[in-house]
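What follows is the content of protein.cif, which has mmCIF, C-alpha atoms:
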data_data
loop_
_atom_site.label_atom_id
_atom_site.label_comp_id
_atom_site.auth_asym_id
_atom_site.auth_seq_id
_atom_site.Cartn_x
_atom_site.Cartn_y
_atom_site.Cartn_z
CA MET A 1021 46.46 76.14 57.92
CA ARG A 1022 47.46 75.47 61.52
CA GLN A 1023 50.16 78.14 61.34
CA ARG A 1024 47.67 80.72 60.09
CA LEU A 1025 45.31 79.82 62.92
CA ASN A 1026 48.13 80.22 65.46
CA ASP A 1027 49.06 83.60 63.97
CA ALA A 1028 45.44 84.73 64.20
CA LEU A 1029 45.15 83.64 67.83
CA GLU A 1030 48.38 85.44 68.73
CA VAL A 1031 46.76 88.72 67.66
CA ILE A 1032 44.34 88.42 70.60
CA LYS A 1033 46.08 89.63 73.74
CA PRO A 1034 45.30 88.59 77.34
CA ILE A 1035 43.00 91.58 77.78
CA GLY A 1036 41.18 90.55 74.62
CA TRP A 1037 40.65 87.02 75.87
CA LEU A 1038 39.39 88.43 79.18
CA VAL A 1039 36.91 90.78 77.48
CA LEU A 1040 35.72 88.01 75.16
CA ALA A 1041 35.24 85.54 78.00
CA LEU A 1042 33.48 88.15 80.14
CA GLY A 1043 31.17 89.12 77.29
CA LEU A 1044 30.19 85.56 76.36
CA GLY A 1045 29.82 84.54 80.01
CA ALA A 1046 27.64 87.54 80.81
CA LEU A 1047 25.37 86.90 77.82
CA LEU A 1048 25.06 83.22 78.71
CA VAL A 1049 24.07 83.96 82.29
CA ALA A 1050 21.74 86.75 81.16
CA THR A 1051 19.97 84.34 78.80
CA VAL A 1052 19.33 81.89 81.62
CA THR A 1053 18.49 84.37 84.40
CA HIS A 1054 17.01 87.18 82.27
CA TRP A 1055 19.28 89.62 84.09
CA ARG A 1056 19.31 92.74 81.91
CA GLU A 1057 22.39 94.27 83.48
CA LEU A 1058 24.43 91.22 82.53
CA ALA A 1059 23.04 91.37 79.01
CA VAL A 1060 24.17 95.01 78.74
CA LEU A 1061 27.62 94.10 80.08
CA GLY A 1062 27.99 91.20 77.64
CA THR A 1063 26.88 93.33 74.71
CA ALA A 1064 29.30 96.09 75.65
CA CYS A 1065 32.21 93.64 75.81
CA LEU A 1066 31.44 92.21 72.39
CA ALA A 1067 30.96 95.73 70.99
CA LEU A 1068 34.38 96.67 72.34
CA ILE A 1069 35.92 93.76 70.47
CA VAL A 1070 34.16 94.77 67.26
CA LEU A 1071 35.32 98.38 67.62
CA ALA A 1072 38.92 97.22 68.17
CA LEU A 1073 39.07 95.13 64.98
CA PRO A 1074 39.54 98.06 62.52
CA PHE A 1075 42.85 98.94 64.18
CA LEU A 1076 44.28 95.72 62.69
CA LEU A 1077 43.41 96.62 59.12
CA GLY A 1078 46.30 97.32 56.75
CA ARG A 1079 49.86 96.06 56.68
CA THR A 1080 53.03 97.46 58.18
CA SER A 1081 55.86 97.51 55.67
CA VAL A 1082 58.94 99.17 57.12
CA SER A 1083 62.65 98.61 57.45
CA VAL A 1084 64.19 98.96 60.89
CA ASP A 1085 67.90 99.50 61.47
CA LEU A 1086 69.15 99.02 65.04
CA ARG A 1087 72.51 100.69 65.66
CA LEU A 1088 74.92 100.15 68.56
CA GLN A 1089 78.20 102.03 68.86
CA PRO A 1090 80.36 100.48 70.20
CA GLU A 1091 79.21 96.91 70.87
CA ARG A 1092 82.10 96.16 73.26
CA VAL A 1093 82.72 98.48 76.21
CA ALA A 1094 84.30 98.44 79.65
CA ALA A 1095 82.03 98.48 82.70
CA GLY A 1096 80.87 102.02 83.42
CA GLU A 1097 81.02 103.21 79.83
CA SER A 1098 77.99 104.08 77.72
CA VAL A 1099 76.78 102.82 74.35
CA ALA A 1100 75.19 105.17 71.83
CA ALA A 1101 72.17 103.38 70.39
CA GLY A 1102 69.64 104.35 67.78
CA VAL A 1103 66.83 102.92 65.71
CA LEU A 1104 65.86 104.11 62.22
CA VAL A 1105 62.41 103.28 60.81
CA VAL A 1106 61.73 103.80 57.10
CA ASN A 1107 58.29 103.36 55.51
CA ARG A 1108 58.75 100.99 52.55
CA ALA A 1109 55.07 100.86 51.59
CA SER A 1110 53.52 102.81 48.71
CA SER A 1111 50.97 104.33 51.07
CA ARG A 1112 51.22 106.25 54.34
CA LEU A 1113 52.15 104.33 57.44
CA VAL A 1114 49.42 104.17 60.06
CA PRO A 1115 50.72 105.42 63.44
CA THR A 1116 52.24 102.52 65.32
CA THR A 1117 54.37 101.72 68.35
CA LEU A 1118 57.99 100.59 68.19
CA GLU A 1119 59.41 98.53 71.07
CA VAL A 1120 63.11 97.84 71.67
CA PRO A 1121 63.93 95.63 74.70
CA VAL A 1122 67.21 96.59 76.38
CA GLY A 1123 68.16 94.06 79.04
CA SER A 1124 65.20 93.80 81.41
CA ALA A 1125 63.76 97.18 80.30
CA VAL A 1126 61.70 98.01 77.21
CA HIS A 1127 62.01 101.26 75.25
CA ARG A 1128 58.75 102.28 73.58
CA TYR A 1129 58.46 104.92 70.87
CA GLY A 1130 55.41 106.24 69.09
CA ILE A 1131 55.89 106.28 65.31
CA SER A 1132 53.67 108.86 63.67
CA SER A 1133 52.13 108.51 60.23
CA LEU A 1134 54.95 108.38 57.68
CA ALA A 1135 54.72 109.15 53.99
CA PRO A 1136 56.13 106.56 51.58
CA GLY A 1137 59.93 106.58 51.87
CA ALA A 1138 59.90 108.83 54.95
CA ALA A 1139 62.03 107.95 57.98
CA HIS A 1140 61.75 108.29 61.73
CA GLU A 1141 64.78 108.03 64.02
CA GLU A 1142 65.07 107.59 67.77
CA SER A 1143 68.30 107.75 69.78
CA PHE A 1144 68.98 106.49 73.29
CA THR A 1145 71.91 105.66 75.54
CA ILE A 1146 72.66 102.32 77.14
CA ARG A 1147 74.55 102.70 80.41
CA THR A 1148 76.64 99.84 81.71
CA GLU A 1149 77.54 99.16 85.32
CA ARG A 1150 78.85 95.60 85.53
CA ARG A 1151 80.57 92.98 83.42
CA GLY A 1152 78.15 90.93 81.41
CA VAL A 1153 76.05 90.79 78.26
CA ILE A 1154 73.16 93.19 77.57
CA ALA A 1155 70.66 91.91 75.04
CA VAL A 1156 69.23 94.64 72.78
CA GLY A 1157 66.20 93.84 70.67
CA PRO A 1158 64.51 92.45 68.80
CA ALA A 1159 62.96 95.70 67.56
CA MET A 1160 59.28 95.13 66.85
CA THR A 1161 56.25 97.15 65.85
CA ARG A 1162 52.95 96.78 67.68
CA ARG A 1163 49.81 97.70 65.78
CA GLY A 1164 46.52 97.51 67.61
CA ASP A 1165 43.84 99.31 69.55
CA PRO A 1166 44.61 101.69 72.44
CA ILE A 1167 43.14 99.35 75.04
CA GLY A 1168 45.25 96.37 74.02
CA VAL A 1169 42.51 93.94 73.02
CA PHE A 1170 44.27 93.16 69.73
CA SER A 1171 47.85 93.72 68.68
CA ARG A 1172 49.72 92.63 65.57
CA ASP A 1173 53.40 92.32 66.51
CA VAL A 1174 56.06 92.13 63.81
CA VAL A 1175 59.75 91.55 64.60
CA TRP A 1176 62.12 93.48 62.34
CA THR A 1177 65.60 92.92 63.77
CA PRO A 1178 67.45 90.07 65.50
CA VAL A 1179 68.68 90.33 69.06
CA ARG A 1180 71.93 92.29 69.30
CA GLU A 1181 74.36 92.14 72.20
CA VAL A 1182 76.45 94.67 74.07
CA LEU A 1183 79.45 92.95 75.67
CA VAL A 1184 80.56 94.66 78.86
CA ARG A 1185 84.12 93.88 79.87
CA PRO A 1186 85.63 94.26 83.34
CA HIS A 1187 88.18 96.95 84.13
CA LEU A 1188 91.71 95.86 83.19
CA VAL A 1189 94.86 95.90 85.30
CA PRO A 1190 98.11 97.09 83.64
CA MET A 1191 100.73 94.34 83.42
CA GLU A 1192 104.23 93.88 82.07
CA SER A 1193 105.07 91.37 79.36
CA LEU A 1194 104.26 87.74 80.18
CA GLY A 1195 107.56 86.77 78.51
CA ALA A 1196 109.63 88.27 81.32
CA GLY A 1197 111.75 85.59 82.98
CA LEU A 1198 110.76 82.90 80.49
CA LEU A 1199 113.02 81.07 78.01
CA ARG A 1200 111.88 81.95 74.52
CA ASP A 1201 113.23 81.69 70.99
CA LEU A 1202 112.08 83.16 67.70
CA GLU A 1203 108.98 81.01 67.45
CA GLY A 1204 107.93 80.42 71.04
CA VAL A 1205 108.89 78.62 74.23
CA SER A 1206 111.28 75.72 73.93
CA THR A 1207 110.61 72.46 75.73
CA ASP A 1208 112.65 69.48 76.87
CA ALA A 1209 111.18 67.23 74.19
CA VAL A 1210 113.78 66.14 71.62
CA SER A 1211 112.79 66.40 67.97
CA GLN A 1212 114.34 65.53 64.63
CA SER A 1213 113.15 68.72 62.97
CA ASP A 1214 112.49 72.12 64.52
CA LEU A 1215 114.04 75.56 64.95
CA ALA A 1216 115.79 75.22 68.31
CA PHE A 1217 119.12 73.46 67.66
CA HIS A 1218 120.19 71.27 70.58
CA ALA A 1219 123.13 68.94 69.81
CA LEU A 1220 124.76 66.49 67.39
CA ARG A 1221 124.55 62.71 67.61
CA GLU A 1222 125.62 59.72 65.55
CA TYR A 1223 123.62 58.78 62.51
CA VAL A 1224 121.31 55.78 62.81
CA PRO A 1225 119.47 54.09 59.95
CA GLY A 1226 116.23 55.88 59.24
CA ASP A 1227 117.49 59.41 60.02
CA ASP A 1228 116.71 62.08 57.44
CA LEU A 1229 119.85 62.64 55.36
CA ARG A 1230 119.02 66.33 55.18
CA HIS A 1231 119.90 66.67 58.86
CA ILE A 1232 123.45 65.32 58.50
CA HIS A 1233 125.99 67.92 59.59
CA TRP A 1234 128.65 67.28 56.94
CA ARG A 1235 131.29 69.64 58.30
CA SER A 1236 131.26 68.08 61.77
CA SER A 1237 131.17 64.59 60.24
CA ALA A 1238 134.27 65.40 58.15
CA LYS A 1239 136.15 66.66 61.21
CA VAL A 1240 135.35 63.51 63.20
CA MET A 1241 136.42 61.26 60.32
CA ALA A 1242 139.64 63.26 59.85
CA SER A 1243 140.58 63.06 63.54
CA THR A 1244 139.62 59.42 64.20
CA GLY A 1245 140.07 57.88 60.78
CA GLU A 1246 136.72 56.15 61.16
CA SER A 1247 133.60 56.60 59.08
CA ALA A 1248 131.10 58.52 61.14
CA LEU A 1249 128.14 60.69 60.32
CA LEU A 1250 126.65 63.21 62.73
CA VAL A 1251 123.08 64.47 62.51
CA ARG A 1252 121.51 67.54 64.07
CA GLN A 1253 119.14 67.09 67.02
CA TYR A 1254 116.59 69.73 67.99
CA LEU A 1255 114.34 70.75 70.86
CA ASP A 1256 110.65 71.05 70.13
CA THR A 1257 109.32 74.58 70.15
CA ARG A 1258 105.77 75.78 70.16
CA ARG A 1259 103.88 78.99 69.64
CA SER A 1260 103.49 80.84 72.92
CA HIS A 1261 100.01 80.12 74.25
CA ALA A 1262 98.50 81.46 77.47
CA THR A 1263 95.56 79.56 78.97
CA ILE A 1264 93.40 81.00 81.75
CA VAL A 1265 91.13 78.74 83.82
CA VAL A 1266 88.67 80.20 86.35
CA ASP A 1267 86.75 78.25 89.00
CA ASP A 1268 83.03 78.60 88.21
CA ARG A 1269 81.58 77.09 91.39
CA LEU A 1270 79.70 79.58 93.56
CA GLY A 1271 80.94 77.90 96.74
CA SER A 1272 84.57 78.69 95.81
CA TRP A 1273 83.98 82.41 96.30
CA ALA A 1274 83.39 84.01 99.69
CA ASP A 1275 81.64 86.90 97.93
CA PRO A 1276 80.25 87.07 94.37
CA GLU A 1277 82.28 90.27 93.93
CA ASP A 1278 85.43 88.14 94.25
CA PHE A 1279 84.31 86.31 91.13
CA GLU A 1280 84.10 89.67 89.34
CA THR A 1281 87.65 90.41 90.48
CA ALA A 1282 88.72 87.06 89.02
CA MET A 1283 87.11 88.03 85.70
CA ALA A 1284 89.07 91.29 85.72
CA VAL A 1285 92.26 89.30 86.38
CA ALA A 1286 91.47 86.87 83.55
CA ALA A 1287 90.71 89.71 81.12
CA SER A 1288 93.91 91.55 82.07
CA ILE A 1289 96.05 88.46 81.46
CA ALA A 1290 94.28 87.83 78.15
CA VAL A 1291 94.90 91.36 76.91
CA ARG A 1292 98.55 91.26 77.99
CA ALA A 1293 98.99 87.90 76.24
CA VAL A 1294 97.55 89.28 73.01
CA LEU A 1295 99.90 92.27 73.20
CA ASP A 1296 102.77 89.78 73.62
CA GLU A 1297 101.52 87.97 70.47
CA PHE A 1298 100.46 84.86 72.40
CA ASP A 1299 97.52 82.70 71.46
CA VAL A 1300 94.95 82.88 74.25
CA SER A 1301 92.50 80.34 75.67
CA PHE A 1302 89.93 80.94 78.40
CA VAL A 1303 87.86 78.36 80.27
CA CYS A 1304 85.28 79.01 82.97
CA GLY A 1305 82.78 76.19 83.26
CA ALA A 1306 80.59 76.08 80.18
CA HIS A 1307 82.20 79.17 78.66
CA ALA A 1308 85.42 78.63 76.73
CA SER A 1309 87.33 80.09 73.79
CA SER A 1310 90.68 79.63 72.09
CA GLY A 1311 92.59 81.31 69.29
CA SER A 1312 94.80 84.20 68.30
CA ASP A 1313 91.92 86.72 68.33
CA GLY A 1314 91.85 88.39 71.72
CA HIS A 1315 88.17 89.32 71.27
CA LEU A 1316 87.24 85.65 71.60
CA ALA A 1317 88.72 85.36 75.09
CA LEU A 1318 87.34 88.71 76.24
CA ASP A 1319 83.88 87.88 74.89
CA ALA A 1320 83.98 84.59 76.82
CA VAL A 1321 84.97 86.55 79.94
CA CYS A 1322 81.90 88.75 79.45
CA ARG A 1323 79.63 85.70 79.20
CA ALA A 1324 81.18 83.70 82.05
CA ASP A 1325 78.90 82.89 84.98
CA PHE A 1326 78.63 80.50 87.87
CA GLY A 1327 78.26 76.80 87.15
CA ASP A 1328 79.10 73.42 88.67
CA ARG A 1329 82.13 72.15 86.73
CA GLY A 1330 84.82 73.38 89.09
CA LEU A 1331 88.50 74.08 88.63
CA VAL A 1332 89.67 70.49 88.07
CA GLU A 1333 87.21 69.66 85.30
CA SER A 1334 87.77 73.05 83.66
CA GLY A 1335 91.52 72.48 83.79
CA ARG A 1336 91.15 69.15 82.02
CA GLN A 1337 88.93 70.78 79.43
CA ALA A 1338 91.60 73.44 78.88
CA THR A 1339 94.25 70.82 78.09
CA THR A 1340 91.99 69.45 75.36
CA LEU A 1341 91.04 72.89 74.08
CA ALA A 1342 94.64 74.18 74.05
CA PRO A 1343 97.12 71.25 73.94
CA ASP A 1344 99.94 73.63 72.97
CA THR A 1345 99.66 75.71 76.15
CA SER A 1346 102.95 77.17 77.35
CA LEU A 1347 101.62 79.34 80.22
CA ALA A 1348 98.67 78.32 82.40
CA PHE A 1349 96.91 80.51 84.97
CA LEU A 1350 94.51 78.78 87.38
CA VAL A 1351 92.25 81.29 89.13
CA GLY A 1352 90.21 80.41 92.21
CA GLY A 1353 88.59 82.04 95.21
CA SER A 1354 89.43 81.99 98.90
CA GLU A 1355 87.12 78.98 99.32
CA SER A 1356 88.68 76.97 96.48
CA ALA A 1357 90.41 73.85 97.77
CA PHE A 1358 94.19 74.01 97.31
CA THR A 1359 94.10 70.39 96.19
CA ASP A 1360 91.88 71.48 93.31
CA LEU A 1361 94.53 73.98 92.26
CA LEU A 1362 97.18 71.25 92.31
CA ARG A 1363 95.00 68.75 90.44
CA ALA A 1364 94.08 71.32 87.81
CA ALA A 1365 97.75 72.23 87.39
CA ALA A 1366 98.69 68.54 87.11
CA ALA A 1367 96.37 68.22 84.10
CA PHE A 1368 98.90 70.22 82.05
CA PRO A 1369 102.15 68.67 80.77
CA PRO A 1370 105.28 69.22 82.92
CA GLU A 1371 106.83 71.64 80.42
CA VAL A 1372 103.93 74.11 80.84
CA ARG A 1373 104.70 77.02 83.16
CA ARG A 1374 101.83 77.07 85.66
CA PHE A 1375 100.62 79.70 88.13
CA GLY A 1376 97.84 79.57 90.69
CA ILE A 1377 95.95 82.76 91.50
CA VAL A 1378 93.74 82.98 94.59
CA VAL A 1379 91.47 86.01 94.99
CA ASP A 1380 91.24 86.72 98.71
CA PRO A 1381 90.39 90.33 99.63
CA ALA A 1382 90.45 89.44 103.34
CA GLY A 1383 94.11 88.38 103.19
CA THR A 1384 97.33 90.02 102.09
CA SER A 1385 98.88 89.99 98.65
CA ARG A 1386 101.79 87.55 98.58
CA VAL A 1387 103.36 84.71 96.63
CA THR A 1388 103.72 81.19 98.01
CA GLU A 1389 104.88 77.95 96.45
CA THR A 1390 103.67 74.48 97.31
CA GLY A 1391 104.14 71.31 95.34
CA GLY A 1392 106.11 73.23 92.73
CA LEU A 1393 103.14 75.51 91.98
CA PRO A 1394 103.65 79.27 92.52
CA VAL A 1395 100.44 80.71 93.98
CA LEU A 1396 99.65 84.42 93.82
CA HIS A 1397 97.35 85.49 96.67
CA LEU A 1398 95.53 88.64 95.54
CA ALA A 1399 94.02 90.98 98.09
CA ALA A 1400 93.41 93.50 95.30
CA LYS A 1401 93.49 93.03 91.54
CA GLU A 1402 95.90 95.97 91.21
CA ASP A 1403 98.59 93.79 92.83
CA LEU A 1404 98.51 91.26 89.97
CA GLY A 1405 101.29 92.79 87.88
CA GLY A 1406 103.72 93.14 90.77
CA LEU A 1407 103.14 89.64 92.12
CA LEU A 1408 103.49 88.05 88.70
CA ARG A 1409 106.67 89.98 88.00
CA TRP A 1410 108.14 88.85 91.32
CA SER A 1411 107.11 85.20 90.87
CA VAL A 1412 108.91 84.75 87.53
CA ARG A 1413 112.28 86.01 88.77
#
What does this structure look like when you write it as structure tokens?
Amino acid sequence: MRQRLNDALEVIKPIGWLVLALGLGALLVATVTHWRELAVLGTACLALIVLALPFLLGRTSVSVDLRLQPERVAAGESVAAGVLVVNRASSRLVPTTLEVPVGSAVHRYGISSLAPGAAHEESFTIRTERRGVIAVGPAMTRRGDPIGVFSRDVVWTPVREVLVRPHLVPMESLGAGLLRDLEGVSTDAVSQSDLAFHALREYVPGDDLRHIHWRSSAKVMASTGESALLVRQYLDTRRSHATIVVDDRLGSWADPEDFETAMAVAASIAVRAVLDEFDVSFVCGAHASSGSDGHLALDAVCRADFGDRGLVESGRQATTLAPDTSLAFLVGGSESAFTDLLRAAAAFPPEVRRFGIVVDPAGTSRVTETGGLPVLHLAAKEDLGGLLRWSVR
């Protein structure tokens, strides 16, 4: 009962409430003061409400299909969008208005009277300028009087999103200059079972008998005359995994455009990592993703925005999100404290190859190293590939 009452009240729009209040107020004052002009005004307001009621009669039964092609684009590209309305009722559709919000704008289309089963299609173009997320929808029909006293709004589609990615920078393989084997990057951690063979050692109780190297054991026993068993020892390997951490604090960036450059850097590294068959993780404040699907990282890049977590906390979050990281990129602005870069890098295990990246358009592109951390100073995002190639030599 309460829900029905709320639905009925929602049909009355602000103009309707204003006309109703004006009409009742004018009639009340006219009754007390016997002012005829106010009585005429009050009567006219109430008559307007009565005349607007018939526009609500009938039901709207349609299907609405909102189409976006493609849903992921680079900044500057356009999205072809369209909306198809089909009358599903057994009677003609009363002319109505279709609204489709696109970002902060609203597209309005007049839908004429449609016969049962007839369709009406509208096409429009969504232009993108910057990285981000553009909300499209929900598509809704508005049925009411021309003045806007009453309006019955029905939502037909959920909100869809257009993900706008930054422009990418071409890069060479991230594996250049790194020690790799068939399954990933080897570490210094000794293991009893893996793919990277390391050495032989003497058997101790509890070792898996399957790892005994019988040929070497026979040679040792033949040369020394003593009973000795040798077992294989391995180095741990892991799947190659690139993790990108971006400082989300506004104060770390001299200009908000530097943050956009950092997003382009992060997206470029993510795409290159996917091409190299790495798993990819991305962390920027509250926005994070991890997995082998490159779309996850790029979608997180599109959604990333300023926050208050900072580089150190985001770096710690990344170690939890991606404990098998083999390459870590810590991206900050010209105002990011260098100690934050070092502390964020220290959150990763020693065997992880770590790089700091500082976006500083006012400086010069160069590579420095402090505290064992190579730092790429980027004056322009186009210098990323060259600096990274030089730093891994």
Using the chain letters and residue numbers of this document, give as a ChimeraX atom specification the residues selected by the PyMOL selection byres ((chain A and resi 1123) around 8).
/A:1121-1122,1124-1126,1154-1156
For the selection you just gave me, I'd like the residues written to a file as a PDB file, in the coordinates of the input, keeping C-alpha atoms.
ATOM      1  CA  PRO A1121      63.930  95.630  74.700  1.00  0.00           C
ATOM      2  CA  VAL A1122      67.210  96.590  76.380  1.00  0.00           C
ATOM      3  CA  SER A1124      65.200  93.800  81.410  1.00  0.00           C
ATOM      4  CA  ALA A1125      63.760  97.180  80.300  1.00  0.00           C
ATOM      5  CA  VAL A1126      61.700  98.010  77.210  1.00  0.00           C
ATOM      6  CA  ILE A1154      73.160  93.190  77.570  1.00  0.00           C
ATOM      7  CA  ALA A1155      70.660  91.910  75.040  1.00  0.00           C
ATOM      8  CA  VAL A1156      69.230  94.640  72.780  1.00  0.00           C
TER       9      VAL A1156
END
Would you kindly translate the PyMOL selection byres ((chain A and resi 1139) around 9) into the concrete residues it picks from this file, as a compact mmCIF listing (two decimals) with C-alpha atoms, in the coordinates of the input?
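Contents of part-v2.txt, freshly written:
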# COMPACT_ATOMS: atom_id res chain seq x y z
CA LEU A 1104 65.86 104.11 62.22
CA VAL A 1105 62.41 103.28 60.81
CA VAL A 1106 61.73 103.80 57.10
CA ASN A 1107 58.29 103.36 55.51
CA LEU A 1134 54.95 108.38 57.68
CA ALA A 1135 54.72 109.15 53.99
CA PRO A 1136 56.13 106.56 51.58
CA GLY A 1137 59.93 106.58 51.87
CA ALA A 1138 59.90 108.83 54.95
CA HIS A 1140 61.75 108.29 61.73
CA GLU A 1141 64.78 108.03 64.02
Have a look at A:Val1039, A:Ala1067, A:Ile1131, A:Ala1072 and name the one nearest to A:Val1084; count only C-alpha atoms.
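Result for the nearest residue to A:Val1084: A:Ile1131.
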Just checking: using all atoms listed in the file, which residue out of A:Ser1312, A:Ser1272, A:Ser1334, A:Thr1117 ends up closest to A:Val1378?
A:Ser1272
May I ask for the distance between atom CA of A:Gly1335 and atom CA of A:Phe1375, given in Å to one decimal place?
12.4 Å
Please write as a VMD selection string the full residue list that the PyMOL selection byres ((chain A and resi 1280-1295) around 7) yields on this file.
chain A and resid 1186 to 1189 1191 1193 to 1194 1262 1264 1276 to 1279 1296 to 1300 1314 1317 to 1318 1321 1351 1379 1401
Let me see the file: selected residues, C-alpha atoms, as a PDB file, keeping the file's coordinate frame.
ATOM      1  CA  PRO A1186      85.630  94.260  83.340  1.00  0.00           C
ATOM      2  CA  HIS A1187      88.180  96.950  84.130  1.00  0.00           C
ATOM      3  CA  LEU A1188      91.710  95.860  83.190  1.00  0.00           C
ATOM      4  CA  VAL A1189      94.860  95.900  85.300  1.00  0.00           C
ATOM      5  CA  MET A1191     100.730  94.340  83.420  1.00  0.00           C
ATOM      6  CA  SER A1193     105.070  91.370  79.360  1.00  0.00           C
ATOM      7  CA  LEU A1194     104.260  87.740  80.180  1.00  0.00           C
ATOM      8  CA  ALA A1262      98.500  81.460  77.470  1.00  0.00           C
ATOM      9  CA  ILE A1264      93.400  81.000  81.750  1.00  0.00           C
ATOM     10  CA  PRO A1276      80.250  87.070  94.370  1.00  0.00           C
ATOM     11  CA  GLU A1277      82.280  90.270  93.930  1.00  0.00           C
ATOM     12  CA  ASP A1278      85.430  88.140  94.250  1.00  0.00           C
ATOM     13  CA  PHE A1279      84.310  86.310  91.130  1.00  0.00           C
ATOM     14  CA  ASP A1296     102.770  89.780  73.620  1.00  0.00           C
ATOM     15  CA  GLU A1297     101.520  87.970  70.470  1.00  0.00           C
ATOM     16  CA  PHE A1298     100.460  84.860  72.400  1.00  0.00           C
ATOM     17  CA  ASP A1299      97.520  82.700  71.460  1.00  0.00           C
ATOM     18  CA  VAL A1300      94.950  82.880  74.250  1.00  0.00           C
ATOM     19  CA  GLY A1314      91.850  88.390  71.720  1.00  0.00           C
ATOM     20  CA  ALA A1317      88.720  85.360  75.090  1.00  0.00           C
ATOM     21  CA  LEU A1318      87.340  88.710  76.240  1.00  0.00           C
ATOM     22  CA  VAL A1321      84.970  86.550  79.940  1.00  0.00           C
ATOM     23  CA  VAL A1351      92.250  81.290  89.130  1.00  0.00           C
ATOM     24  CA  VAL A1379      91.470  86.010  94.990  1.00  0.00           C
ATOM     25  CA  LYS A1401      93.490  93.030  91.540  1.00  0.00           C
TER      26      LYS A1401
END
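Pairwise distance (atom CA of A:Thr1145, atom CA of A:Val1174) equals 23.9 Å.
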What does the structure give for the distance between atom CA of A:Asp1403 and atom CA of A:Phe1302, in Å to one decimal?
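Interatomic distance here is 21.2 Å.
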Considering only C-alpha atoms, tabulate each residue of stretch 1146-1174 of chain A that lies at most 8 Å from stretch 1031-1038 of chain A along with its nearest interatomic pair and the corresponding distance in Å to one decimal; arrange the rows by chain and ascending residue number and present them as JSON lines.
{"residue": "A:Gly1168", "atom": "CA", "partner": "A:Ile1035", "partner_atom": "CA", "distance": 6.5}
{"residue": "A:Val1169", "atom": "CA", "partner": "A:Gly1036", "partner_atom": "CA", "distance": 4.0}
{"residue": "A:Phe1170", "atom": "CA", "partner": "A:Ile1032", "partner_atom": "CA", "distance": 4.8}
{"residue": "A:Ser1171", "atom": "CA", "partner": "A:Val1031", "partner_atom": "CA", "distance": 5.2}
{"residue": "A:Arg1172", "atom": "CA", "partner": "A:Val1031", "partner_atom": "CA", "distance": 5.3}
{"residue": "A:Asp1173", "atom": "CA", "partner": "A:Val1031", "partner_atom": "CA", "distance": 7.6}
Residue nearest A:Val1332 among A:Glu1355, A:Asp1319, A:Asp1268, A:Ala1041 (counting all atoms listed in the file):
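Of A:Glu1355, A:Asp1319, A:Asp1268, A:Ala1041, the one nearest A:Val1332, counting all atoms listed in the file, is A:Asp1268.
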Which polymer residues have any atom within 8 Å of an atom of A:Ser1132, counting all atoms listed in the file, with same-chain residues fewer than 4 positions away left out, as a ChimeraX atom specification?
/A:1113-1116
Grab the residues selected above and save them as a tab-separated table (two decimals), keeping the file's coordinate frame with C-alpha atoms.
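Listed below is the output, out_32.tsv:
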chain	number	residue	atom	x	y	z
A	1113	LEU	CA	52.15	104.33	57.44
A	1114	VAL	CA	49.42	104.17	60.06
A	1115	PRO	CA	50.72	105.42	63.44
A	1116	THR	CA	52.24	102.52	65.32
Between A:Ser1111, A:Thr1359, A:Ser1236, A:Ser1301, which residue has the minimum interatomic distance to A:Thr1345, considering all atoms listed in the file?
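Of all the options, A:Ser1301 lies closest to A:Thr1345.
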May I have the residues within 12 Å of A:Val1224 as a ChimeraX atom specification, using all atoms listed in the file and disregarding those fewer than 2 positions away in the same chain?
/A:1221-1222,1226-1229,1231-1232,1248-1252
For A:Val1395, find every residue with an atom within 9 Å (counting only C-alpha atoms), except residues of its own chain fewer than 5 positions away, and show them as a ChimeraX atom specification.
/A:1375-1378,1386-1390,1411
Rank A:Ala1306, A:Met1160, A:Ala1367, A:Val1240 by their smallest atom-to-atom distance to A:Val1175, using only C-alpha atoms, and report the top residue only.
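Going through A:Ala1306, A:Met1160, A:Ala1367, A:Val1240 one by one, the smallest distance to A:Val1175 is for A:Met1160.
Among the candidate residues A:Val1082, A:Pro1381, A:Glu1192, A:Ala1348, the one lying nearest to A:Gly1405 is A:Glu1192, with distances computed using all atoms listed in the file.
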